>>> print(open('run_30.txt').read())   # compact mmCIF, C-alpha atoms
# COMPACT_ATOMS: atom_id res chain seq x y z
CA MET A 1416 96.18 54.02 82.12
CA THR A 1417 94.77 56.35 84.76
CA LEU A 1418 93.83 59.85 83.76
CA SER A 1419 94.45 62.58 86.29
CA THR A 1420 91.33 64.46 87.28
CA THR A 1421 93.22 67.22 89.02
CA ALA A 1422 92.46 70.59 87.44
CA PRO A 1423 95.45 72.71 86.52
CA ARG A 1424 96.19 75.24 89.22
CA GLN A 1425 95.37 78.76 88.16
CA ARG A 1426 98.24 81.14 87.93
CA ARG A 1427 97.99 83.74 90.68
CA LEU A 1428 98.53 87.42 90.04
CA HIS A 1429 101.99 88.40 91.25
CA ARG A 1430 102.05 90.34 94.53
CA ALA A 1431 104.05 93.10 92.82
CA TRP A 1432 100.88 94.26 91.07
CA PHE A 1433 99.09 94.70 94.41
CA VAL A 1434 102.01 96.73 95.76
CA ALA A 1435 101.95 98.88 92.62
CA ALA A 1436 98.19 99.41 93.08
CA VAL A 1437 98.65 100.59 96.69
CA ALA A 1438 101.48 102.87 95.60
CA PHE A 1439 99.23 104.32 92.89
CA VAL A 1440 96.51 105.12 95.43
CA ALA A 1441 99.03 106.66 97.85
CA ILE A 1442 100.52 108.94 95.20
CA LEU A 1443 96.99 109.76 94.08
CA GLY A 1444 96.06 110.88 97.59
CA ALA A 1445 99.10 113.13 97.96
CA ALA A 1446 98.52 114.67 94.52
CA GLY A 1447 95.53 116.61 95.82
CA PHE A 1448 97.62 119.25 97.51
CA ARG A 1449 99.93 119.39 94.52
CA ALA A 1450 96.91 120.61 92.53
CA THR A 1451 95.95 123.26 95.10
CA PRO A 1452 98.37 126.22 94.64
CA GLY A 1453 97.00 127.44 91.32
CA VAL A 1454 93.44 127.30 92.68
CA LEU A 1455 94.18 129.23 95.89
CA ILE A 1456 96.41 132.07 94.67
CA THR A 1457 93.56 134.43 93.78
CA PRO A 1458 91.35 133.63 96.83
CA LEU A 1459 94.28 134.16 99.22
CA GLN A 1460 95.21 137.39 97.47
CA GLU A 1461 91.63 138.66 97.73
CA GLU A 1462 91.15 137.71 101.40
CA PHE A 1463 94.52 138.64 102.89
CA GLY A 1464 95.84 141.20 100.41
CA TRP A 1465 99.08 139.25 99.94
CA SER A 1466 100.90 139.86 96.65
CA ARG A 1467 101.33 137.08 94.12
CA GLY A 1468 105.05 137.28 94.81
CA THR A 1469 104.47 136.49 98.51
CA ILE A 1470 102.13 133.60 97.78
CA SER A 1471 104.50 132.34 95.07
CA LEU A 1472 107.31 132.35 97.64
CA ALA A 1473 105.34 129.84 99.73
CA VAL A 1474 104.88 127.73 96.61
CA SER A 1475 108.62 127.98 95.95
CA ILE A 1476 109.51 126.78 99.46
CA ASN A 1477 107.08 123.90 99.01
CA LEU A 1478 108.61 122.96 95.67
CA ILE A 1479 112.20 123.17 96.94
CA LEU A 1480 111.49 120.94 99.95
CA TYR A 1481 109.37 118.66 97.77
CA GLY A 1482 112.48 118.06 95.72
CA LEU A 1483 115.32 118.21 98.25
CA THR A 1484 113.53 115.80 100.60
CA ALA A 1485 113.38 113.18 97.85
CA PRO A 1486 116.93 111.74 97.99
CA PHE A 1487 116.82 111.48 101.78
CA ALA A 1488 113.37 109.88 101.53
CA ALA A 1489 114.78 107.29 99.12
CA ALA A 1490 117.54 106.47 101.61
CA LEU A 1491 115.03 106.41 104.49
CA MET A 1492 112.86 103.97 102.54
CA ASP A 1493 115.91 101.77 102.11
CA ARG A 1494 116.67 101.96 105.83
CA PHE A 1495 113.22 101.91 107.47
CA GLY A 1496 110.88 100.74 104.72
CA MET A 1497 108.44 102.35 102.32
CA ARG A 1498 105.41 101.67 104.49
CA ARG A 1499 106.61 103.74 107.45
CA VAL A 1500 107.97 106.62 105.39
CA VAL A 1501 104.94 106.94 103.11
CA SER A 1502 102.42 106.66 105.95
CA LEU A 1503 104.16 109.44 107.86
CA ALA A 1504 104.37 111.53 104.68
CA LEU A 1505 100.61 111.32 104.16
CA LEU A 1506 100.01 112.44 107.74
CA LEU A 1507 102.27 115.46 107.17
CA VAL A 1508 100.33 116.38 104.03
CA ALA A 1509 97.06 116.10 105.93
CA ALA A 1510 98.32 118.23 108.83
CA GLY A 1511 99.75 120.92 106.58
CA SER A 1512 96.59 121.09 104.50
CA GLY A 1513 94.25 121.08 107.48
CA PHE A 1514 96.00 123.70 109.60
CA THR A 1515 96.04 126.24 106.75
CA VAL A 1516 92.40 127.03 107.57
CA MET A 1517 93.59 128.75 110.77
CA MET A 1518 96.35 130.90 109.26
CA THR A 1519 96.19 134.68 109.65
CA ALA A 1520 99.65 135.82 108.53
CA SER A 1521 101.82 135.18 105.49
CA TRP A 1522 104.46 133.36 107.55
CA HIS A 1523 101.80 130.78 108.47
CA LEU A 1524 101.43 130.10 104.76
CA LEU A 1525 105.21 129.74 104.39
CA LEU A 1526 105.34 127.30 107.31
CA LEU A 1527 102.30 125.14 106.53
CA TRP A 1528 101.95 125.27 102.79
CA GLY A 1529 105.68 125.69 102.23
CA VAL A 1530 107.55 123.65 104.85
CA LEU A 1531 105.17 121.03 106.26
CA VAL A 1532 103.45 120.01 103.06
CA GLY A 1533 106.72 120.29 101.14
CA LEU A 1534 108.36 117.76 103.44
CA GLY A 1535 105.35 115.44 103.32
CA THR A 1536 104.90 115.37 99.57
CA GLY A 1537 108.64 115.22 98.98
CA SER A 1538 108.90 112.10 101.10
CA MET A 1539 106.78 110.09 98.71
CA ALA A 1540 106.83 111.79 95.32
CA LEU A 1541 108.51 110.19 92.34
CA VAL A 1542 111.28 108.53 94.36
CA PHE A 1543 108.55 106.36 95.84
CA ALA A 1544 107.62 105.19 92.35
CA ALA A 1545 111.29 104.56 91.53
CA THR A 1546 111.79 102.58 94.75
CA VAL A 1547 108.69 100.44 94.16
CA THR A 1548 109.75 99.55 90.62
CA ASP A 1549 113.35 98.86 91.64
CA ARG A 1550 112.35 96.44 94.41
CA TRP A 1551 109.28 94.74 92.98
CA PHE A 1552 109.80 94.69 89.20
CA VAL A 1553 112.45 93.41 86.84
CA ARG A 1554 110.06 92.99 83.95
CA HIS A 1555 107.75 95.92 82.99
CA ARG A 1556 109.77 98.46 84.98
CA GLY A 1557 109.33 101.24 82.47
CA LEU A 1558 105.60 100.63 82.11
CA VAL A 1559 104.98 100.54 85.87
CA THR A 1560 107.08 103.68 86.36
CA GLY A 1561 104.87 105.40 83.81
CA VAL A 1562 101.68 104.23 85.51
CA LEU A 1563 102.82 105.32 88.98
CA THR A 1564 103.98 108.67 87.63
CA ALA A 1565 100.57 109.08 86.03
CA ALA A 1566 99.00 108.69 89.49
CA GLY A 1567 99.96 112.29 90.20
CA ALA A 1568 98.20 113.42 87.03
CA THR A 1569 95.16 111.34 87.97
CA GLY A 1570 95.10 113.06 91.36
CA GLN A 1571 95.14 116.40 89.60
CA LEU A 1572 92.34 115.23 87.31
CA ILE A 1573 90.19 114.20 90.29
CA PHE A 1574 90.95 117.05 92.68
CA LEU A 1575 91.51 120.15 90.54
CA PRO A 1576 87.97 120.82 89.26
CA VAL A 1577 86.53 119.91 92.67
CA LEU A 1578 88.95 122.21 94.50
CA ALA A 1579 88.26 125.04 92.07
CA HIS A 1580 84.51 124.82 92.67
CA LEU A 1581 85.00 124.52 96.43
CA ALA A 1582 87.29 127.55 96.48
CA GLU A 1583 84.81 129.61 94.47
CA GLY A 1584 81.76 128.36 96.41
CA PRO A 1585 82.18 127.38 100.08
CA GLY A 1586 85.69 128.89 100.09
CA TRP A 1587 89.35 127.96 99.97
CA ARG A 1588 89.27 126.61 103.55
CA VAL A 1589 86.84 123.88 102.53
CA ALA A 1590 89.12 123.03 99.62
CA SER A 1591 92.11 122.67 101.98
CA LEU A 1592 90.14 120.45 104.35
CA ALA A 1593 89.08 118.25 101.44
CA VAL A 1594 92.73 117.64 100.57
CA ALA A 1595 93.55 116.87 104.22
CA GLY A 1596 90.71 114.36 104.36
CA ALA A 1597 91.86 112.63 101.19
CA ALA A 1598 95.40 112.19 102.51
CA LEU A 1599 94.10 110.85 105.84
CA ALA A 1600 91.83 108.39 104.05
CA VAL A 1601 94.75 106.90 102.10
CA ALA A 1602 97.19 106.52 105.03
CA PRO A 1603 95.55 103.40 106.59
CA PHE A 1604 95.57 101.56 103.27
CA VAL A 1605 99.30 102.19 102.91
CA TRP A 1606 100.00 100.92 106.42
CA TRP A 1607 97.90 97.78 106.05
CA LEU A 1608 98.62 96.77 102.47
CA LEU A 1609 102.02 98.10 101.36
CA ARG A 1610 105.00 95.77 101.77
CA ASP A 1611 108.59 96.93 101.58
CA ARG A 1612 110.24 94.02 99.76
CA PRO A 1613 109.23 90.82 97.94
CA GLU A 1614 111.05 88.77 100.57
CA ASP A 1615 108.68 90.12 103.23
CA VAL A 1616 105.90 87.99 101.73
CA GLY A 1617 108.02 85.06 100.57
CA THR A 1618 108.30 85.92 96.89
CA THR A 1619 110.70 87.56 94.42
CA ALA A 1620 110.47 90.60 92.17
CA LEU A 1621 108.32 90.16 89.07
CA GLY A 1622 110.55 88.79 86.31
CA ALA A 1623 113.52 88.05 88.59
CA GLU A 1624 115.70 85.09 87.64
CA PRO A 1625 115.76 82.10 90.01
CA GLY A 1626 118.50 82.53 92.57
CA GLU A 1627 118.83 86.26 91.95
CA ALA A 1628 120.31 88.15 94.88
CA ARG A 1629 117.86 89.15 97.58
CA THR A 1630 117.20 92.78 98.35
CA VAL A 1631 118.17 93.55 101.94
CA PRO A 1632 117.45 96.59 104.09
CA GLY A 1633 120.16 99.22 104.15
CA THR A 1634 122.26 99.48 107.28
CA ARG A 1635 123.96 102.82 106.67
CA ASN A 1636 122.66 106.09 108.03
CA ALA A 1637 120.12 107.32 105.45
CA ALA A 1638 121.45 110.88 105.36
CA VAL A 1639 125.05 109.69 105.00
CA ARG A 1640 124.13 107.37 102.15
CA ALA A 1641 122.19 110.11 100.33
CA VAL A 1642 125.09 112.55 100.57
CA THR A 1643 127.69 109.90 99.64
CA VAL A 1644 125.76 108.92 96.52
CA LEU A 1645 125.43 112.58 95.56
CA ALA A 1646 129.18 113.15 95.99
CA ALA A 1647 129.97 110.23 93.70
CA ALA A 1648 127.38 111.10 91.07
CA ALA A 1649 128.33 114.78 91.03
CA ARG A 1650 131.77 113.81 89.71
CA THR A 1651 130.20 112.49 86.51
CA ARG A 1652 128.94 114.44 83.51
CA PRO A 1653 125.64 112.53 83.03
CA PHE A 1654 124.45 113.63 86.47
CA TRP A 1655 124.68 117.31 85.58
CA PHE A 1656 122.95 116.82 82.25
CA LEU A 1657 120.17 114.86 83.95
CA ALA A 1658 119.87 117.35 86.81
CA GLY A 1659 119.99 120.39 84.55
CA GLY A 1660 117.41 119.01 82.15
CA PHE A 1661 115.09 117.97 84.96
CA ALA A 1662 115.41 121.41 86.61
CA ILE A 1663 114.10 122.89 83.37
CA CYS A 1664 111.38 120.23 83.33
CA GLY A 1665 110.23 121.39 86.77
CA ALA A 1666 110.39 125.05 85.79
CA SER A 1667 108.16 124.45 82.76
CA THR A 1668 105.56 122.29 84.55
CA ASN A 1669 105.09 122.47 88.34
CA GLY A 1670 106.70 125.88 88.69
CA LEU A 1671 105.15 127.75 85.79
CA VAL A 1672 102.08 126.05 84.34
CA SER A 1673 100.70 124.36 87.49
CA THR A 1674 101.15 127.48 89.59
CA HIS A 1675 100.43 130.32 87.17
CA PHE A 1676 98.27 129.01 84.33
CA ILE A 1677 95.00 129.67 86.21
CA PRO A 1678 95.87 133.24 87.31
CA ALA A 1679 97.31 133.97 83.83
CA ALA A 1680 94.07 132.79 82.20
CA HIS A 1681 92.13 134.86 84.73
CA ASP A 1682 94.13 137.92 83.63
CA HIS A 1683 92.65 137.42 80.17
CA GLY A 1684 89.08 137.19 81.47
CA MET A 1685 88.71 133.42 81.81
CA ALA A 1686 86.78 132.15 84.85
CA GLU A 1687 88.95 130.21 87.31
CA PRO A 1688 86.85 127.01 87.24
CA VAL A 1689 87.18 126.98 83.44
CA ALA A 1690 90.96 127.41 83.64
CA ALA A 1691 91.11 124.71 86.32
CA GLY A 1692 89.14 122.44 84.01
CA LEU A 1693 91.77 122.97 81.31
CA LEU A 1694 94.50 121.91 83.73
CA ALA A 1695 92.42 118.85 84.56
CA VAL A 1696 92.33 118.01 80.85
CA ILE A 1697 96.13 118.21 80.91
CA GLY A 1698 95.88 115.60 83.66
CA ILE A 1699 93.79 113.30 81.47
CA PHE A 1700 96.24 113.34 78.59
CA ASP A 1701 99.18 113.26 80.98
CA ILE A 1702 98.07 109.79 82.04
CA VAL A 1703 98.10 108.61 78.43
CA GLY A 1704 101.42 110.28 77.66
CA THR A 1705 103.21 109.05 80.78
CA VAL A 1706 102.09 105.43 80.47
CA ALA A 1707 103.03 105.46 76.79
CA SER A 1708 106.40 106.99 77.67
CA GLY A 1709 107.03 104.21 80.18
CA TRP A 1710 106.24 101.63 77.50
CA LEU A 1711 108.56 103.40 75.04
CA SER A 1712 111.35 103.61 77.64
CA ASP A 1713 111.52 99.81 77.63
CA ARG A 1714 112.10 99.90 73.85
CA ILE A 1715 113.79 103.17 72.77
CA ASP A 1716 116.96 104.88 74.01
CA PRO A 1717 115.67 107.05 76.91
CA LYS A 1718 117.93 109.99 76.09
CA VAL A 1719 116.41 110.23 72.60
CA LEU A 1720 112.93 110.28 74.14
CA LEU A 1721 113.97 113.07 76.51
CA GLY A 1722 115.42 115.15 73.67
CA VAL A 1723 112.19 114.90 71.69
CA TYR A 1724 109.97 115.64 74.69
CA TYR A 1725 111.87 118.76 75.73
CA ALA A 1726 112.11 120.16 72.20
CA LEU A 1727 108.37 119.81 71.58
CA ARG A 1728 107.56 121.30 74.98
CA GLY A 1729 109.75 124.34 74.34
CA LEU A 1730 108.10 125.10 71.01
CA SER A 1731 104.62 124.77 72.48
CA LEU A 1732 105.38 127.20 75.34
CA MET A 1733 106.52 129.83 72.88
CA VAL A 1734 103.11 129.90 71.22
CA LEU A 1735 101.10 129.85 74.47
CA PRO A 1736 100.97 133.63 75.15
CA GLY A 1737 98.99 134.15 71.95
CA LEU A 1738 96.40 131.53 72.89
CA PHE A 1739 94.95 133.07 76.08
CA ALA A 1740 91.41 134.45 75.76
CA ALA A 1741 88.27 134.91 77.84
CA THR A 1742 86.78 131.79 76.26
CA THR A 1743 88.23 128.38 75.46
CA GLU A 1744 89.28 128.55 71.82
CA PRO A 1745 90.16 125.45 69.73
CA SER A 1746 93.82 126.54 69.57
CA MET A 1747 94.03 126.50 73.37
CA LEU A 1748 92.46 123.05 73.49
CA ILE A 1749 95.09 121.80 71.03
CA PHE A 1750 97.82 123.19 73.29
CA ILE A 1751 96.24 121.58 76.36
CA VAL A 1752 96.08 118.15 74.72
CA PHE A 1753 99.63 118.37 73.41
CA TYR A 1754 101.08 119.69 76.67
CA GLY A 1755 99.25 117.03 78.61
CA LEU A 1756 100.81 114.24 76.56
CA ASP A 1757 104.25 115.74 77.24
CA TRP A 1758 103.71 116.86 80.87
CA VAL A 1759 105.57 114.20 82.87
CA ALA A 1760 106.43 111.91 79.99
CA THR A 1761 110.00 112.90 80.89
CA VAL A 1762 109.93 110.90 84.13
CA PRO A 1763 110.13 107.26 82.89
CA PRO A 1764 113.15 107.89 80.61
CA THR A 1765 114.87 109.92 83.35
CA VAL A 1766 114.37 107.10 85.87
CA ALA A 1767 115.60 104.60 83.28
CA LEU A 1768 118.75 106.64 82.63
CA CYS A 1769 119.50 106.97 86.37
CA ARG A 1770 119.11 103.21 86.74
CA ARG A 1771 121.20 102.46 83.64
CA VAL A 1772 124.05 104.81 84.50
CA TYR A 1773 124.20 104.45 88.30
CA GLY A 1774 122.94 100.90 88.93
CA PRO A 1775 121.89 100.11 92.53
CA ASP A 1776 122.20 103.77 93.49
CA GLY A 1777 119.85 104.80 90.70
CA ALA A 1778 116.85 105.52 92.96
CA VAL A 1779 118.88 107.79 95.25
CA VAL A 1780 120.50 109.52 92.28
CA PHE A 1781 117.04 110.07 90.83
CA GLY A 1782 116.08 111.58 94.19
CA TRP A 1783 118.78 114.22 93.72
CA VAL A 1784 117.85 114.72 90.08
CA PHE A 1785 114.25 115.16 91.19
CA GLY A 1786 115.52 117.67 93.76
CA SER A 1787 116.89 119.76 90.89
CA HIS A 1788 113.48 119.45 89.21
CA GLN A 1789 111.86 121.10 92.20
CA VAL A 1790 114.54 123.78 92.56
CA GLY A 1791 113.82 124.71 88.95
CA ALA A 1792 110.09 124.65 89.71
CA ALA A 1793 110.57 126.88 92.76
CA LEU A 1794 112.61 129.45 90.85
CA ALA A 1795 110.03 129.52 88.07
CA ALA A 1796 107.09 129.80 90.49
CA PHE A 1797 108.64 132.76 92.31
CA GLY A 1798 110.13 134.35 89.19
CA ALA A 1799 106.89 134.20 87.21
CA GLY A 1800 104.93 135.71 90.12
CA LEU A 1801 107.50 138.48 90.46
CA ALA A 1802 107.42 139.12 86.69
CA ARG A 1803 103.63 139.40 86.83
CA ASP A 1804 103.85 141.90 89.72
CA GLN A 1805 106.47 144.02 87.95
CA LEU A 1806 105.45 143.76 84.28
CA GLY A 1807 101.74 143.12 84.55
CA ALA A 1808 101.91 140.02 82.34
CA TYR A 1809 103.43 136.54 82.18
CA ASP A 1810 104.77 136.68 78.60
CA VAL A 1811 108.45 136.83 79.59
CA ALA A 1812 107.99 133.70 81.74
CA TRP A 1813 106.41 131.68 78.91
CA PHE A 1814 109.06 132.62 76.32
CA GLY A 1815 111.93 132.10 78.77
CA ALA A 1816 110.71 128.64 79.76
CA GLY A 1817 110.36 127.68 76.10
CA ALA A 1818 113.96 128.62 75.36
CA LEU A 1819 115.19 126.67 78.39
CA CYS A 1820 113.33 123.56 77.19
CA LEU A 1821 115.23 123.68 73.90
CA LEU A 1822 118.45 123.80 75.93
CA ALA A 1823 117.27 120.77 77.94
CA ALA A 1824 116.73 118.85 74.70
CA GLY A 1825 120.40 119.33 73.76
CA MET A 1826 121.59 118.36 77.25
CA SER A 1827 119.54 115.16 77.17
CA LEU A 1828 120.97 114.03 73.85
CA ALA A 1829 124.48 114.57 75.23
CA ILE A 1830 124.03 112.14 78.17
CA GLY A 1831 126.68 109.41 78.07
CA HIS A 1832 127.98 107.01 80.70
CA ALA A 1833 128.99 107.58 84.32
CA GLY A 1834 132.65 107.23 83.47
CA LYS A 1835 132.66 110.41 81.36
CA ARG A 1836 133.51 113.44 83.42
>>> encode(input="run_30.txt", output="structure tokens")
Amino acid sequence: MTLSTTAPRQRRLHRAWFVAAVAFVAILGAAGFRATPGVLITPLQEEFGWSRGTISLAVSINLILYGLTAPFAAALMDRFGMRRVVSLALLLVAAGSGFTVMMTASWHLLLLWGVLVGLGTGSMALVFAATVTDRWFVRHRGLVTGVLTAAGATGQLIFLPVLAHLAEGPGWRVASLAVAGAALAVAPFVWWLLRDRPEDVGTTALGAEPGEARTVPGTRNAAVRAVTVLAAAARTRPFWFLAGGFAICGASTNGLVSTHFIPAAHDHGMAEPVAAGLLAVIGIFDIVGTVASGWLSDRIDPKVLLGVYYALRGLSLMVLPGLFAATTEPSMLIFIVFYGLDWVATVPPTVALCRRVYGPDGAVVFGWVFGSHQVGAALAAFGAGLARDQLGAYDVAWFGAGALCLLAAGMSLAIGHAGKR
């Protein structure tokens, strides 16, 4: 008998993990400018004399476009590929960030910070993560969605303290250029390493069954497809519960806390770099919470997870006004840790519900749901700034957002199937 001397061939790591890694880095690079508004509000107000309401309006435009671009970006990725869309999006972020150093009037801020960067970041945001997981993963979808969502928090963790120190030291212009440079540095990696579909490199999605149908590029006009999917989804009750809950999610995170936590803490005597450091700590625990939420979304009914997340967030916001002080007290640190765990833990179960209810159109539907997230964020960003200008404090904004989160918890638990109108 002859014994084979051939060594067993080592199992290669599936290409899907490399694509996920590139996507993580791309989202990380774009996250830098997402961390910038809260750092720059006070410096811009001091240099140009613009009110917080005016600056918050630019943030609101950015947030609206960040969201409303998402469903069209999902359709564009289906039509032209993720690599092209994401590379162009990073260049838009870099241009918008870089040209802000030359602005002299408030409308420049609205155009660059609001429109240009809003379009760029919206073209790759969370719909990019949803598209990557839909195309490249059958197994571990929830976990990978959580990891990619956490990339935004990681970007905040990396950039926010650095931007705060740059804005306070060399100035806000240096901070803006740093963000532009980061986005430019990531763009080549996306172009060279990202692949649109498993079939492009002769493989299948991770966990796909043998003979499973191939994913093929879309042939319909991207805008037409996005609007058609919206029209169909809007006739179902789950869409409005998902969109309404996610609008409140955006109001209570990007719109309110990301934009106004630093100036609110500054109102109570806290130094801006210290407040920025607290937001960075939110970013640390956000990574843990979001990855854990993705893991849980593969095992627990996503609507139950959403209900719990929103309820806990609402209660925590209602106690926040009493926690602000000139120094970092233990009670504030407890809030920061808790809020970080809950920050975007809502994303993996929301993506899972869109996929479960709307099937192949789930990524585009999530794009529209994410659009509502950013509309809510924009309204909260502008409304909180206006409330601060008129009332001299942010208390009404914190309590109002907390009550809305409790409403979102009830809406999430009521989500059924697409057939229910």
>>> closest_residue(input="run_30.txt", among="A:Leu1671, A:Leu1621, A:Leu1563, A:Met1747", to="A:Ala1796", atoms="all atoms listed in the file")
A:Leu1671
>>> closest_residue(input="run_30.txt", among="A:Ala1485, A:Leu1480, A:Val1762, A:Leu1592", to="A:Met1539", atoms="all atoms listed in the file")
A:Ala1485
>>> atom_distance(input="run_30.txt", atom1="atom CA of A:Pro1763", atom2="atom CA of A:Gly1709")
5.1 Å
>>> residues_near_point(input="run_30.txt", point="(100.9, 123.2, 104.2)", cutoff="10 Å", atoms="all atoms listed in the file", output="PDB file with C-alpha atoms, in the frame of the given file")
ATOM      1  CA  PHE A1448      97.620 119.250  97.510  1.00  0.00           C
ATOM      2  CA  ALA A1473     105.340 129.840  99.730  1.00  0.00           C
ATOM      3  CA  VAL A1474     104.880 127.730  96.610  1.00  0.00           C
ATOM      4  CA  ASN A1477     107.080 123.900  99.010  1.00  0.00           C
ATOM      5  CA  LEU A1507     102.270 115.460 107.170  1.00  0.00           C
ATOM      6  CA  VAL A1508     100.330 116.380 104.030  1.00  0.00           C
ATOM      7  CA  ALA A1509      97.060 116.100 105.930  1.00  0.00           C
ATOM      8  CA  ALA A1510      98.320 118.230 108.830  1.00  0.00           C
ATOM      9  CA  GLY A1511      99.750 120.920 106.580  1.00  0.00           C
ATOM     10  CA  SER A1512      96.590 121.090 104.500  1.00  0.00           C
ATOM     11  CA  GLY A1513      94.250 121.080 107.480  1.00  0.00           C
ATOM     12  CA  PHE A1514      96.000 123.700 109.600  1.00  0.00           C
ATOM     13  CA  THR A1515      96.040 126.240 106.750  1.00  0.00           C
ATOM     14  CA  VAL A1516      92.400 127.030 107.570  1.00  0.00           C
ATOM     15  CA  HIS A1523     101.800 130.780 108.470  1.00  0.00           C
ATOM     16  CA  LEU A1524     101.430 130.100 104.760  1.00  0.00           C
ATOM     17  CA  LEU A1525     105.210 129.740 104.390  1.00  0.00           C
ATOM     18  CA  LEU A1526     105.340 127.300 107.310  1.00  0.00           C
ATOM     19  CA  LEU A1527     102.300 125.140 106.530  1.00  0.00           C
ATOM     20  CA  TRP A1528     101.950 125.270 102.790  1.00  0.00           C
ATOM     21  CA  GLY A1529     105.680 125.690 102.230  1.00  0.00           C
ATOM     22  CA  VAL A1530     107.550 123.650 104.850  1.00  0.00           C
ATOM     23  CA  LEU A1531     105.170 121.030 106.260  1.00  0.00           C
ATOM     24  CA  VAL A1532     103.450 120.010 103.060  1.00  0.00           C
ATOM     25  CA  GLY A1533     106.720 120.290 101.140  1.00  0.00           C
ATOM     26  CA  LEU A1534     108.360 117.760 103.440  1.00  0.00           C
ATOM     27  CA  GLY A1535     105.350 115.440 103.320  1.00  0.00           C
ATOM     28  CA  THR A1536     104.900 115.370  99.570  1.00  0.00           C
ATOM     29  CA  SER A1591      92.110 122.670 101.980  1.00  0.00           C
ATOM     30  CA  ALA A1595      93.550 116.870 104.220  1.00  0.00           C
TER      31      ALA A1595
END
>>> residues_around(input="run_30.txt", residues="A:Arg1714", least_positions_apart="4", cutoff="12 Å", atoms="only C-alpha atoms", output="list in words")
His1555, Arg1556, Gly1557, Leu1558, Ala1707, Ser1708, Gly1709, Trp1710, Lys1718, Val1719, Leu1720, Pro1763, Pro1764 and Ala1767 of chain A
>>> closest_residue(input="run_30.txt", among="A:Gly1815, A:Pro1717, A:Pro1688, A:Pro1585", to="A:Gly1798", atoms="all atoms listed in the file")
A:Gly1815
>>> atom_distance(input="run_30.txt", atom1="atom CA of A:Gly1444", atom2="atom CA of A:Leu1609")
14.6 Å
>>> closest_residue(input="run_30.txt", among="A:Ala1799, A:Val1501, A:Val1644, A:Leu1821", to="A:Pro1678", atoms="all atoms listed in the file")
A:Ala1799
>>> atom_distance(input="run_30.txt", atom1="atom CA of A:Ile1479", atom2="atom CA of A:Ser1731")
25.7 Å
>>> closest_residue(input="run_30.txt", among="A:Gly1782, A:Gly1791, A:Pro1458, A:Gly1777", to="A:Trp1587", atoms="only C-alpha atoms")
A:Pro1458
>>> closest_residue(input="run_30.txt", among="A:Val1577, A:Asp1716, A:Leu1657, A:Gly1537", to="A:Ser1787", atoms="only C-alpha atoms")
A:Leu1657
>>> residues_around(input="run_30.txt", residues="A:Ala1690", least_positions_apart="4", cutoff="7 Å", atoms="all atoms listed in the file", output="list in words")
Ile1677, Ala1680, Met1685, Ala1686 and Leu1694 of chain A
>>> decode(input="run_30.txt", residues="stretch 1529-1537 of chain A", atoms="N, CA, C and O atoms", output="CSV table (one decimal), in the first residue's frame")
chain,number,residue,atom,x,y,z
A,1529,GLY,N,-22.7,71.5,3.7
A,1529,GLY,CA,-24.0,71.0,3.6
A,1529,GLY,C,-24.2,70.1,2.4
A,1529,GLY,O,-24.5,68.9,2.5
A,1530,VAL,N,-24.0,70.7,1.2
A,1530,VAL,CA,-24.4,70.0,0.0
A,1530,VAL,C,-23.3,69.0,-0.5
A,1530,VAL,O,-23.6,67.8,-0.6
A,1531,LEU,N,-22.1,69.5,-0.7
A,1531,LEU,CA,-21.1,68.6,-1.3
A,1531,LEU,C,-20.7,67.4,-0.4
A,1531,LEU,O,-20.7,66.3,-0.8
A,1532,VAL,N,-20.4,67.7,0.9
A,1532,VAL,CA,-20.1,66.6,1.8
A,1532,VAL,C,-21.3,65.7,2.1
A,1532,VAL,O,-21.2,64.5,2.2
A,1533,GLY,N,-22.5,66.4,2.1
A,1533,GLY,CA,-23.7,65.6,2.3
A,1533,GLY,C,-23.9,64.5,1.2
A,1533,GLY,O,-24.2,63.4,1.5
A,1534,LEU,N,-23.7,64.9,0.0
A,1534,LEU,CA,-23.8,64.0,-1.2
A,1534,LEU,C,-22.7,62.9,-1.1
A,1534,LEU,O,-23.0,61.8,-1.4
A,1535,GLY,N,-21.5,63.3,-0.8
A,1535,GLY,CA,-20.4,62.4,-0.7
A,1535,GLY,C,-20.6,61.3,0.3
A,1535,GLY,O,-20.5,60.1,0.1
A,1536,THR,N,-20.9,61.7,1.6
A,1536,THR,CA,-21.0,60.8,2.7
A,1536,THR,C,-22.3,60.0,2.5
A,1536,THR,O,-22.3,58.8,2.8
A,1537,GLY,N,-23.3,60.6,1.9
A,1537,GLY,CA,-24.6,59.8,1.7
A,1537,GLY,C,-24.4,58.7,0.7
A,1537,GLY,O,-25.2,57.7,0.7
